[in-house]
file data_36.tsv (TSV, C-alpha atoms)
chain	number	residue	atom	x	y	z
A	1	MET	CA	-16.51	12.48	-31.00
A	2	LEU	CA	-13.40	10.27	-31.14
A	3	LYS	CA	-11.14	10.62	-34.12
A	4	SER	CA	-10.97	7.44	-36.15
A	5	SER	CA	-7.28	6.87	-35.36
A	6	THR	CA	-7.87	7.22	-31.60
A	7	PHE	CA	-10.86	4.88	-31.74
A	8	ALA	CA	-8.83	2.33	-33.70
A	9	LEU	CA	-6.03	2.38	-31.13
A	10	LEU	CA	-8.46	1.92	-28.27
A	11	LEU	CA	-10.16	-0.95	-30.13
A	12	VAL	CA	-6.81	-2.68	-30.61
A	13	LEU	CA	-5.96	-2.27	-26.92
A	14	VAL	CA	-9.33	-3.59	-25.77
A	15	THR	CA	-9.19	-6.50	-28.19
A	16	GLY	CA	-5.72	-7.35	-26.90
A	17	LEU	CA	-7.13	-7.74	-23.42
A	18	ASN	CA	-9.07	-10.77	-24.60
A	19	SER	CA	-5.82	-12.65	-25.19
A	20	PRO	CA	-3.63	-13.81	-22.30
A	21	ALA	CA	-1.31	-11.06	-21.05
A	22	ARG	CA	2.31	-11.93	-21.65
A	23	GLU	CA	4.32	-12.75	-18.58
A	24	PRO	CA	6.86	-10.06	-17.69
A	25	ILE	CA	10.44	-10.68	-18.75
A	26	LYS	CA	12.10	-12.17	-15.69
A	27	SER	CA	15.75	-13.01	-15.29
A	28	PRO	CA	17.65	-12.98	-12.01
A	29	PRO	CA	19.55	-9.81	-11.17
A	30	ALA	CA	23.32	-9.94	-10.92
A	31	THR	CA	23.18	-10.34	-7.15
A	32	THR	CA	20.28	-11.60	-5.06
A	33	GLN	CA	19.65	-11.68	-1.34
A	34	ALA	CA	19.18	-14.98	0.44
A	35	LYS	CA	16.24	-13.56	2.37
A	36	ILE	CA	14.21	-10.39	2.72
A	37	VAL	CA	15.85	-7.87	5.04
A	38	ARG	CA	14.11	-4.59	5.85
A	39	ALA	CA	15.35	-1.55	7.73
A	40	ARG	CA	13.84	-2.59	11.08
A	41	ASP	CA	15.54	-5.99	10.78
A	42	LEU	CA	18.84	-4.14	11.07
A	43	GLY	CA	17.72	-2.42	14.25
A	44	ILE	CA	17.46	1.04	12.70
A	45	PRO	CA	15.44	3.22	15.09
A	46	PHE	CA	12.30	4.80	13.66
A	47	GLU	CA	9.55	6.78	15.31
A	48	GLY	CA	5.96	5.54	15.44
A	49	ASN	CA	4.26	2.15	15.45
A	50	PRO	CA	4.04	0.30	12.14
A	51	GLY	CA	1.09	-1.76	11.03
A	52	LYS	CA	1.21	-5.55	10.95
A	53	LEU	CA	2.98	-5.67	7.58
A	54	ASN	CA	4.57	-2.21	7.74
A	55	SER	CA	3.13	-1.69	4.27
A	56	ILE	CA	0.62	0.39	2.35
A	57	THR	CA	-1.46	-2.80	2.24
A	58	ASP	CA	-2.04	-2.46	5.98
A	59	VAL	CA	-4.81	-0.09	4.87
A	60	PRO	CA	-7.73	-2.48	4.25
A	61	GLY	CA	-8.70	-2.87	0.60
A	62	VAL	CA	-5.48	-1.52	-0.93
A	63	GLU	CA	-3.92	-3.84	-3.51
A	64	VAL	CA	-0.55	-3.60	-5.31
A	65	GLY	CA	0.65	-5.41	-8.44
A	66	TYR	CA	3.89	-5.46	-10.42
A	67	ALA	CA	5.27	-6.26	-13.84
A	68	THR	CA	9.07	-6.50	-13.69
A	69	LEU	CA	11.04	-6.39	-16.94
A	70	ILE	CA	14.66	-7.55	-16.74
A	71	GLY	CA	16.66	-8.76	-19.72
A	72	GLY	CA	20.00	-8.44	-21.48
A	73	GLU	CA	23.35	-7.10	-20.42
A	74	GLY	CA	26.38	-5.29	-21.81
A	75	LYS	CA	26.44	-2.57	-24.46
A	76	LEU	CA	23.31	-0.50	-24.93
A	77	GLU	CA	21.47	-1.15	-28.17
A	78	VAL	CA	18.41	1.06	-28.29
A	79	GLY	CA	15.36	-1.10	-28.88
A	80	SER	CA	17.09	-4.29	-27.77
A	81	GLY	CA	18.28	-3.50	-24.25
A	82	PRO	CA	19.51	-4.09	-21.65
A	83	VAL	CA	16.08	-3.80	-20.06
A	84	ARG	CA	15.64	-2.86	-16.39
A	85	THR	CA	12.19	-1.39	-15.97
A	86	GLY	CA	8.60	-2.25	-15.14
A	87	VAL	CA	5.16	-1.18	-13.97
A	88	THR	CA	3.52	-0.79	-10.56
A	89	ALA	CA	-0.27	-0.68	-10.08
A	90	ILE	CA	-2.00	0.45	-6.89
A	91	LEU	CA	-5.75	-0.14	-6.56
A	92	PRO	CA	-7.25	1.86	-3.64
A	93	ARG	CA	-10.27	-0.42	-3.18
A	94	GLY	CA	-9.03	-3.40	-5.15
A	95	ARG	CA	-11.24	-4.19	-8.13
A	96	ALA	CA	-13.99	-2.04	-6.59
A	97	SER	CA	-11.83	1.01	-7.40
A	98	LEU	CA	-13.44	1.10	-10.84
A	99	ASP	CA	-16.94	1.63	-9.46
A	100	ASP	CA	-16.28	3.37	-6.14
A	101	PRO	CA	-13.88	6.34	-6.35
A	102	VAL	CA	-11.99	7.49	-3.27
A	103	TYR	CA	-11.53	11.00	-1.93
A	104	ALA	CA	-8.01	12.14	-2.86
A	105	GLY	CA	-5.60	15.07	-2.85
A	106	PHE	CA	-2.50	15.83	-4.94
A	107	PHE	CA	0.66	17.83	-4.16
A	108	SER	CA	3.60	18.77	-6.37
A	109	PHE	CA	6.70	19.36	-4.25
A	110	ASN	CA	8.77	19.90	-7.40
A	111	GLY	CA	7.16	19.50	-10.78
A	112	ASN	CA	9.94	18.24	-13.07
A	113	GLY	CA	7.95	15.06	-13.62
A	114	GLU	CA	4.62	13.68	-14.75
A	115	MET	CA	1.51	12.41	-13.02
A	116	THR	CA	-1.38	12.34	-15.46
A	117	GLY	CA	-4.97	12.79	-14.37
A	118	THR	CA	-4.19	15.07	-11.44
A	119	PRO	CA	-6.06	18.15	-12.77
A	120	TRP	CA	-9.28	16.14	-12.39
A	121	VAL	CA	-8.22	14.88	-8.95
A	122	GLU	CA	-7.71	18.52	-7.94
A	123	GLU	CA	-10.98	19.62	-9.51
A	124	SER	CA	-13.25	16.79	-8.40
A	125	GLY	CA	-11.61	15.64	-5.19
A	126	PHE	CA	-11.85	12.02	-6.33
A	127	LEU	CA	-9.37	9.41	-7.52
A	128	GLU	CA	-11.21	7.21	-10.00
A	129	GLY	CA	-9.53	3.89	-10.69
A	130	PRO	CA	-5.94	2.71	-10.14
A	131	ILE	CA	-2.62	4.54	-9.82
A	132	VAL	CA	0.10	3.27	-12.17
A	133	ILE	CA	3.82	4.08	-11.89
A	134	THR	CA	6.46	3.34	-14.53
A	135	ASN	CA	9.45	4.97	-16.25
A	136	THR	CA	9.40	8.44	-17.78
A	137	HIS	CA	9.10	7.41	-21.41
A	138	SER	CA	6.38	4.82	-20.81
A	139	VAL	CA	3.74	7.12	-19.34
A	140	GLY	CA	1.83	7.33	-22.61
A	141	VAL	CA	1.50	3.63	-23.27
A	142	ALA	CA	0.67	3.01	-19.61
A	143	ARG	CA	-2.07	5.63	-19.64
A	144	ASP	CA	-3.66	4.17	-22.78
A	145	ALA	CA	-3.39	0.65	-21.37
A	146	VAL	CA	-5.16	1.64	-18.14
A	147	ILE	CA	-8.04	3.06	-20.20
A	148	ALA	CA	-8.30	-0.16	-22.18
A	149	TRP	CA	-8.17	-2.25	-19.00
A	150	ARG	CA	-10.95	-0.19	-17.48
A	151	VAL	CA	-13.09	-0.52	-20.59
A	152	LYS	CA	-12.66	-4.30	-20.39
A	153	HIS	CA	-13.30	-4.61	-16.65
A	154	GLY	CA	-15.54	-1.67	-15.89
A	155	ALA	CA	-18.70	-0.13	-17.27
A	156	PRO	CA	-19.93	3.24	-18.49
A	157	ASP	CA	-20.83	5.82	-15.86
A	158	LYS	CA	-24.43	6.31	-14.77
A	159	THR	CA	-25.19	8.42	-17.85
A	160	GLY	CA	-23.84	5.72	-20.18
A	161	TYR	CA	-20.71	7.73	-20.99
A	162	TRP	CA	-17.32	6.06	-21.40
A	163	TRP	CA	-14.40	8.18	-20.26
A	164	SER	CA	-11.24	7.91	-18.19
A	165	LEU	CA	-8.48	10.20	-16.95
A	166	PRO	CA	-6.03	7.71	-15.39
A	167	VAL	CA	-3.39	8.66	-12.83
A	168	VAL	CA	-0.06	7.47	-14.26
A	169	ALA	CA	3.26	8.68	-12.82
A	170	GLU	CA	6.95	8.19	-13.59
A	171	THR	CA	10.57	8.48	-12.59
A	172	TRP	CA	13.56	8.20	-14.92
A	173	ASP	CA	15.44	4.88	-15.12
A	174	GLY	CA	17.64	5.66	-18.13
A	175	TRP	CA	20.91	5.18	-16.25
A	176	LEU	CA	20.32	1.42	-16.08
A	177	ASN	CA	17.52	0.85	-18.59
A	178	ASP	CA	17.12	1.18	-22.36
A	179	ILE	CA	14.52	3.84	-21.71
A	180	ASN	CA	14.31	4.89	-25.36
A	181	GLY	CA	13.65	1.29	-26.40
A	182	PHE	CA	10.04	1.57	-25.15
A	183	HIS	CA	9.97	-1.92	-23.68
A	184	VAL	CA	6.88	-1.42	-21.51
A	185	LYS	CA	3.88	-2.71	-23.47
A	186	PRO	CA	0.14	-2.61	-22.72
A	187	GLU	CA	0.16	-6.23	-21.63
A	188	ASP	CA	2.75	-5.41	-18.95
A	189	VAL	CA	0.43	-2.77	-17.51
A	190	TRP	CA	-2.46	-5.24	-17.60
A	191	HIS	CA	-0.31	-7.84	-15.82
A	192	ALA	CA	0.45	-5.38	-13.02
A	193	LEU	CA	-3.24	-4.51	-12.69
A	194	ASP	CA	-4.50	-8.09	-12.89
A	195	SER	CA	-1.92	-9.41	-10.42
A	196	ALA	CA	-2.57	-6.74	-7.78
A	197	HIS	CA	-3.23	-8.15	-4.32
A	198	GLY	CA	-3.29	-7.22	-0.67
A	199	GLY	CA	-1.09	-8.63	2.07
A	200	VAL	CA	2.68	-8.94	1.70
A	201	ILE	CA	4.14	-7.16	-1.34
A	202	GLU	CA	7.69	-6.94	-2.61
A	203	GLU	CA	9.81	-3.81	-2.47
A	204	GLY	CA	13.16	-2.76	-3.93
A	205	SER	CA	13.95	-3.50	-7.59
A	206	VAL	CA	10.54	-4.65	-8.77
A	207	GLY	CA	7.78	-3.14	-10.91
A	208	GLY	CA	8.27	0.50	-11.79
A	209	GLY	CA	11.18	0.68	-9.34
A	210	THR	CA	13.28	-1.93	-11.15
A	211	GLY	CA	15.81	0.44	-12.72
A	212	MET	CA	15.82	3.25	-10.15
A	213	VAL	CA	18.74	4.73	-8.19
A	214	CYS	CA	18.43	6.45	-4.79
A	215	TYR	CA	21.27	8.41	-3.17
A	216	GLU	CA	23.54	6.66	-5.68
A	217	PHE	CA	22.70	3.30	-4.15
A	218	LYS	CA	20.26	0.88	-5.80
A	219	GLY	CA	16.83	2.37	-5.26
A	220	GLY	CA	13.30	1.48	-6.22
A	221	ASN	CA	10.12	0.80	-4.27
A	222	GLY	CA	9.77	1.39	-0.56
A	223	ILE	CA	6.77	0.83	1.70
A	224	ALA	CA	5.90	1.50	5.33
A	225	SER	CA	2.88	2.18	7.53
A	226	ARG	CA	1.87	3.67	10.87
A	227	LYS	CA	-0.92	2.83	13.28
A	228	ILE	CA	-2.59	6.04	14.41
A	229	ASP	CA	-4.65	6.63	17.54
A	230	ILE	CA	-6.79	9.77	17.64
A	231	ARG	CA	-8.60	10.85	20.77
A	232	VAL	CA	-10.51	13.99	21.72
A	233	SER	CA	-8.86	14.23	25.14
A	234	LYS	CA	-6.14	12.60	27.18
A	235	ASP	CA	-8.64	10.48	29.06
A	236	ALA	CA	-10.86	9.55	26.12
A	237	SER	CA	-10.72	6.19	24.36
A	238	PRO	CA	-8.73	6.37	21.11
A	239	GLN	CA	-10.05	5.64	17.65
A	240	ALA	CA	-7.58	3.65	15.56
A	241	PHE	CA	-6.60	4.32	11.94
A	242	THR	CA	-3.77	3.34	9.58
A	243	VAL	CA	-1.59	5.40	7.24
A	244	GLY	CA	0.45	3.62	4.56
A	245	VAL	CA	3.07	4.99	2.17
A	246	PHE	CA	4.34	3.59	-1.12
A	247	LEU	CA	7.10	5.40	-2.97
A	248	GLN	CA	9.23	4.95	-6.07
A	249	ALA	CA	12.60	6.30	-4.91
A	250	ASN	CA	14.91	7.64	-7.62
A	251	PHE	CA	16.52	10.71	-6.08
A	252	GLY	CA	19.42	12.16	-4.13
A	253	ARG	CA	23.21	12.17	-4.26
A	254	ARG	CA	25.40	10.11	-1.98
A	255	PRO	CA	26.67	12.86	0.37
A	256	GLU	CA	23.07	13.86	1.21
A	257	LEU	CA	21.93	10.50	2.56
A	258	THR	CA	20.91	10.65	6.21
A	259	ILE	CA	19.52	7.67	8.14
A	260	ALA	CA	18.33	8.00	11.74
A	261	GLY	CA	20.02	11.41	11.84
A	262	VAL	CA	23.40	9.94	10.81
A	263	PRO	CA	25.31	11.24	7.72
A	264	VAL	CA	25.49	7.77	6.17
A	265	GLY	CA	26.23	9.06	2.67
A	266	LYS	CA	29.35	10.87	3.85
A	267	GLU	CA	30.51	7.86	5.86
A	268	ILE	CA	30.01	5.49	2.92
A	269	PRO	CA	31.27	7.61	0.01
A	270	GLY	CA	30.67	6.69	-3.58
A	271	GLU	CA	29.58	8.09	-6.91
A	272	VAL	CA	27.40	6.54	-9.59
A	273	TYR	CA	26.97	9.52	-11.92
A	274	LYS	CA	30.63	10.54	-12.31
A	275	SER	CA	30.37	10.19	-16.10
A	276	ALA	CA	26.96	11.87	-16.33
A	277	SER	CA	28.24	15.07	-17.96
A	278	ALA	CA	29.46	13.05	-20.94
A	279	ASP	CA	26.17	11.18	-21.31
A	280	PRO	CA	23.50	13.17	-23.20
A	281	SER	CA	20.80	10.72	-22.04
A	282	PHE	CA	21.30	11.57	-18.37
A	283	GLY	CA	18.09	12.97	-16.99
A	284	GLY	CA	19.17	15.48	-14.36
A	285	GLN	CA	21.23	15.77	-11.23
A	286	THR	CA	18.67	15.22	-8.51
A	287	GLY	CA	16.25	12.51	-9.61
A	288	SER	CA	12.61	12.08	-8.60
A	289	CYS	CA	10.16	10.49	-6.19
A	290	ILE	CA	6.56	9.43	-6.67
A	291	ALA	CA	4.71	8.81	-3.42
A	292	VAL	CA	1.25	7.39	-2.71
A	293	VAL	CA	-0.30	7.82	0.72
A	294	ALA	CA	-3.26	5.65	1.71
A	295	THR	CA	-5.37	5.84	4.85
A	296	ASP	CA	-8.61	4.48	6.23
A	297	ALA	CA	-9.12	7.68	8.22
A	298	PRO	CA	-12.17	9.60	6.92
A	299	LEU	CA	-10.69	12.70	5.33
A	300	LEU	CA	-11.93	15.18	2.76
A	301	PRO	CA	-9.94	16.06	-0.39
A	302	ASN	CA	-8.43	19.24	1.07
A	303	GLN	CA	-7.30	17.28	4.13
A	304	LEU	CA	-5.77	14.58	1.93
A	305	LYS	CA	-3.82	17.25	0.08
A	306	ARG	CA	-2.43	18.27	3.45
A	307	LEU	CA	-1.37	14.64	4.05
A	308	ALA	CA	0.32	14.51	0.64
A	309	ARG	CA	2.34	17.63	1.51
A	310	ARG	CA	3.81	15.87	4.56
A	311	VAL	CA	5.63	13.40	2.31
A	312	SER	CA	8.04	16.28	1.68
A	313	LEU	CA	9.08	16.33	5.33
A	314	GLY	CA	9.64	12.58	5.40
A	315	LEU	CA	11.89	12.79	2.34
A	316	ALA	CA	13.79	15.71	3.89
A	317	ARG	CA	14.61	13.56	6.92
A	318	THR	CA	16.62	11.31	4.58
A	319	GLY	CA	18.61	14.26	3.23
A	320	THR	CA	17.15	15.27	-0.11
A	321	VAL	CA	16.63	18.93	-1.08
A	322	SER	CA	14.32	18.24	-4.06
A	323	GLY	CA	16.36	20.15	-6.63
A	324	ASN	CA	15.36	21.78	-9.89
A	325	GLY	CA	15.52	18.53	-11.85
A	326	SER	CA	13.47	16.52	-9.38
A	327	GLY	CA	9.93	15.32	-10.11
A	328	ASP	CA	8.49	14.92	-6.63
A	329	LEU	CA	4.76	14.31	-7.01
A	330	PHE	CA	2.54	12.91	-4.29
A	331	VAL	CA	-1.06	11.72	-4.09
A	332	ALA	CA	-3.03	10.75	-0.98
A	333	PHE	CA	-6.37	8.96	-0.77
A	334	SER	CA	-8.80	7.71	1.86
A	335	THR	CA	-10.67	4.41	1.64
A	336	ALA	CA	-13.31	5.67	4.08
A	337	ASN	CA	-16.67	7.10	2.96
A	338	PRO	CA	-17.57	4.43	0.39
A	339	ASN	CA	-20.08	5.15	-2.36
A	340	VAL	CA	-20.08	8.94	-1.87
A	341	ALA	CA	-19.55	9.48	-5.61
A	342	ASN	CA	-22.74	7.62	-6.49
A	343	PRO	CA	-25.14	10.01	-8.28
A	344	ASP	CA	-28.16	7.84	-7.48
A	345	GLU	CA	-28.65	9.91	-4.35
A	346	VAL	CA	-28.95	13.70	-4.17
A	347	THR	CA	-27.06	13.88	-0.88
A	348	HIS	CA	-24.62	11.67	1.00
A	349	ALA	CA	-23.66	11.55	4.64
A	350	VAL	CA	-19.89	11.95	4.90
A	351	GLN	CA	-17.61	11.42	7.89
A	352	THR	CA	-14.45	13.42	8.47
A	353	ILE	CA	-11.89	14.19	11.16
A	354	PRO	CA	-11.63	17.77	12.45
A	355	ASN	CA	-8.47	19.57	11.37
A	356	ASP	CA	-7.54	20.11	15.02
A	357	LEU	CA	-7.18	16.33	15.46
A	358	MET	CA	-5.07	15.65	12.35
A	359	ASP	CA	-1.57	16.03	13.82
A	360	PRO	CA	-1.14	12.28	14.51
A	361	LEU	CA	-1.92	11.59	10.85
A	362	PHE	CA	0.63	14.18	9.74
A	363	ALA	CA	3.25	12.57	11.97
A	364	GLY	CA	2.39	9.12	10.63
A	365	VAL	CA	2.93	10.22	7.02
A	366	VAL	CA	6.30	11.79	7.84
A	367	GLN	CA	7.49	8.74	9.78
A	368	ALA	CA	6.27	6.20	7.22
A	369	THR	CA	7.80	8.15	4.33
A	370	GLU	CA	11.20	8.25	6.01
A	371	GLU	CA	11.12	4.52	6.71
A	372	ALA	CA	9.87	3.70	3.20
A	373	VAL	CA	12.91	5.42	1.69
A	374	VAL	CA	15.27	3.43	3.91
A	375	ASN	CA	13.39	0.22	3.12
A	376	ALA	CA	13.87	0.90	-0.60
A	377	LEU	CA	17.62	1.03	0.04
A	378	VAL	CA	17.91	-1.85	2.51
A	379	ASP	CA	15.52	-4.36	0.91
A	380	ASN	CA	17.36	-4.32	-2.40
A	381	HIS	CA	20.23	-5.80	-4.39
A	382	SER	CA	23.07	-4.53	-6.57
A	383	MET	CA	22.39	-4.30	-10.29
A	384	THR	CA	24.57	-4.25	-13.40
A	385	SER	CA	23.02	-3.21	-16.68
A	386	ARG	CA	23.57	-1.11	-19.81
A	387	ASP	CA	27.18	-0.48	-20.78
A	388	ASN	CA	28.12	-2.55	-17.71
A	389	ARG	CA	27.05	0.22	-15.38
A	390	ARG	CA	26.78	-1.07	-11.84
A	391	VAL	CA	24.82	0.40	-8.96
A	392	ASP	CA	25.57	-1.18	-5.60
A	393	ALA	CA	22.97	-1.83	-2.95
A	394	LEU	CA	23.51	-0.27	0.45
A	395	SER	CA	25.65	-2.69	2.46
A	396	HIS	CA	23.80	-3.86	5.57
A	397	ASP	CA	27.00	-4.51	7.50
A	398	ARG	CA	28.54	-1.19	6.57
A	399	LEU	CA	25.34	0.65	7.48
A	400	ARG	CA	25.25	-0.97	10.90
A	401	GLU	CA	28.89	-0.03	11.49
A	402	VAL	CA	28.16	3.61	10.74
A	403	LEU	CA	25.06	3.70	12.94
A	404	LYS	CA	27.05	2.15	15.80
A	405	LYS	CA	29.77	4.75	15.36
A	406	TYR	CA	27.16	7.46	16.00
A	407	ASN	CA	25.60	5.50	18.88
A	408	ARG	CA	22.34	4.88	16.99
A	409	LEU	CA	22.74	1.14	17.43
A	410	PRO	CA	24.02	-0.76	20.48

call {"tool": "encode", "arguments": {"input": "data_36.tsv", "output": "structure tokens"}}
result
Amino acid sequence: MLKSSTFALLLVLVTGLNSPAREPIKSPPATTQAKIVRARDLGIPFEGNPGKLNSITDVPGVEVGYATLIGGEGKLEVGSGPVRTGVTAILPRGRASLDDPVYAGFFSFNGNGEMTGTPWVEESGFLEGPIVITNTHSVGVARDAVIAWRVKHGAPDKTGYWWSLPVVAETWDGWLNDINGFHVKPEDVWHALDSAHGGVIEEGSVGGGTGMVCYEFKGGNGIASRKIDIRVSKDASPQAFTVGVFLQANFGRRPELTIAGVPVGKEIPGEVYKSASADPSFGGQTGSCIAVVATDAPLLPNQLKRLARRVSLGLARTGTVSGNGSGDLFVAFSTANPNVANPDEVTHAVQTIPNDLMDPLFAGVVQATEEAVVNALVDNHSMTSRDNRRVDALSHDRLREVLKKYNRLP
């Protein structure tokens, strides 16, 4: 039985969904790029073959939406700003995610972070509904808003029971954002969910990644994908699949950064957090990463957990050690095997790939994760925010110079 206060809150949230969701606060960042430039546009060598869009949305059915909140500048006034934050929503099967859960697996590489709903993912093997990513102090409002959105757009389960354990994750954006001002509202979460789409999606300083810092350059969202061919023998015809990775990159210190095997962070020195010891709001020395792996390969929950683990190796290629203060939490899901959660049938026929044939999928996750991190750095812009703190984007020209020095570019 719901307590009256909980029921009242849910009623308010659901009622609010009947009114138009407010548009996210949008103001141009301090510096903008003239055009989109991604890591491959600079000639950076990566292993593997990307999908058409080199994006998590290369996996059919996957949709991504954002609410980006940018406003104010200068001195921090808690509750007023500056605001540099947002919300990301990932729908595994688009709107059908509400009625057709996907097989999923979860892995905590280092648990100094939050991803709600994962005990049920671990227990049931299913991801039911969307994945939402935001800042650390907005997990609660985002979780409640997802429940309200599902009540509005979904339906009770087959027994007539309303319930939801949403997957909502976070990384800390308090260096640039008024994180204790609680600027993310339910309508921002609804906007991210309602605006989710397939095809081309933005990366960098948008959605939940708006205020993030990676290797002491401007960080945020990164995406990449790999086309995977699996065959039972050298002479057999391959079967094609796709693996896509989305990550919210907010980790690492400058000297650690490695790109294409080159110590880029040591060649381009710099320090963002030099005054961190004097700032009681600073949230740790190593940062965090939330990663979502999607595939259309038919995998079972235990196999998807194995895929989620491989994100760790992709991150390691870029230099991070995932320290004590890092919240590195990963979830993987498969869009194959539709309708297997439907209790209208006693049994379901399920497809899967033998473990002995999974190595190409493992490699695809590692490769796509590495490239997604670099995309988050390259497809980005410098940002100035609270107390005039500035975080520079990784210079494309300087990066190319360093890679040429180490003979990684012609």

call {"tool": "residues_near_point", "arguments": {"input": "data_36.tsv", "point": "(21.4, 1.1, -14.5)", "cutoff": "10 Å", "atoms": "all atoms listed in the file", "output": "ChimeraX atom specification"}}
result
/A:82-85,173-178,210-213,218,272,382-391

call {"tool": "closest_atom_pairs", "arguments": {"input": "data_36.tsv", "of": "segment 138-187 of chain A", "to": "segment 290-298 of chain A", "cutoff": "12 Å", "atoms": "all atoms listed in the file", "output": "CSV"}}
result
residue,atom,partner,partner_atom,distance
A:Val167,CA,A:Val292,CA,11.2
A:Val168,CA,A:Ile290,CA,10.3
A:Ala169,CA,A:Ile290,CA,7.0
A:Glu170,CA,A:Ile290,CA,7.0
A:Thr171,CA,A:Ile290,CA,7.2
A:Trp172,CA,A:Ile290,CA,10.9

call {"tool": "write_last_selection", "arguments": {"input": "data_36.tsv", "atoms": "C-alpha atoms", "output": "mmCIF file, in the frame of the given file"}}
result
data_model
loop_
_atom_site.group_PDB
_atom_site.id
_atom_site.type_symbol
_atom_site.label_atom_id
_atom_site.label_comp_id
_atom_site.auth_asym_id
_atom_site.auth_seq_id
_atom_site.Cartn_x
_atom_site.Cartn_y
_atom_site.Cartn_z
ATOM 1 C CA VAL A 167 -3.390 8.660 -12.830
ATOM 2 C CA VAL A 168 -0.060 7.470 -14.260
ATOM 3 C CA ALA A 169 3.260 8.680 -12.820
ATOM 4 C CA GLU A 170 6.950 8.190 -13.590
ATOM 5 C CA THR A 171 10.570 8.480 -12.590
ATOM 6 C CA TRP A 172 13.560 8.200 -14.920
#

call {"tool": "residues_around", "arguments": {"input": "data_36.tsv", "residues": "segment 195-208 of chain A", "least_positions_apart": "4", "cutoff": "7 Å", "atoms": "only C-alpha atoms", "output": "ChimeraX atom specification"}}
result
/A:53,57,62-68,85-89,133-135,191,219-223,376,379-380

call {"tool": "closest_residue", "arguments": {"input": "data_36.tsv", "among": "A:Val402, A:Val121, A:Leu361, A:Ile179", "to": "Gly261 of chain A", "atoms": "all atoms listed in the file"}}
result
A:Val402

call {"tool": "atom_distance", "arguments": {"input": "data_36.tsv", "atom1": "atom CA of Gly244 of chain A", "atom2": "atom CA of Ala224 of chain A"}}
result
5.9 Å

call {"tool": "closest_residue", "arguments": {"input": "data_36.tsv", "among": "A:Ala236, A:Val139, A:Leu409, A:Ala104", "to": "Asn337 of chain A", "atoms": "all atoms listed in the file"}}
result
A:Ala104

call {"tool": "residues_around", "arguments": {"input": "data_36.tsv", "residues": "Gly79 of chain A", "least_positions_apart": "6", "cutoff": "8 Å", "atoms": "only C-alpha atoms", "output": "compact mmCIF listing (two decimals) with C-alpha atoms, in the frame of the given file"}}
result
# COMPACT_ATOMS: atom_id res chain seq x y z
CA ASP A 178 17.12 1.18 -22.36
CA ASN A 180 14.31 4.89 -25.36
CA GLY A 181 13.65 1.29 -26.40
CA PHE A 182 10.04 1.57 -25.15
CA HIS A 183 9.97 -1.92 -23.68
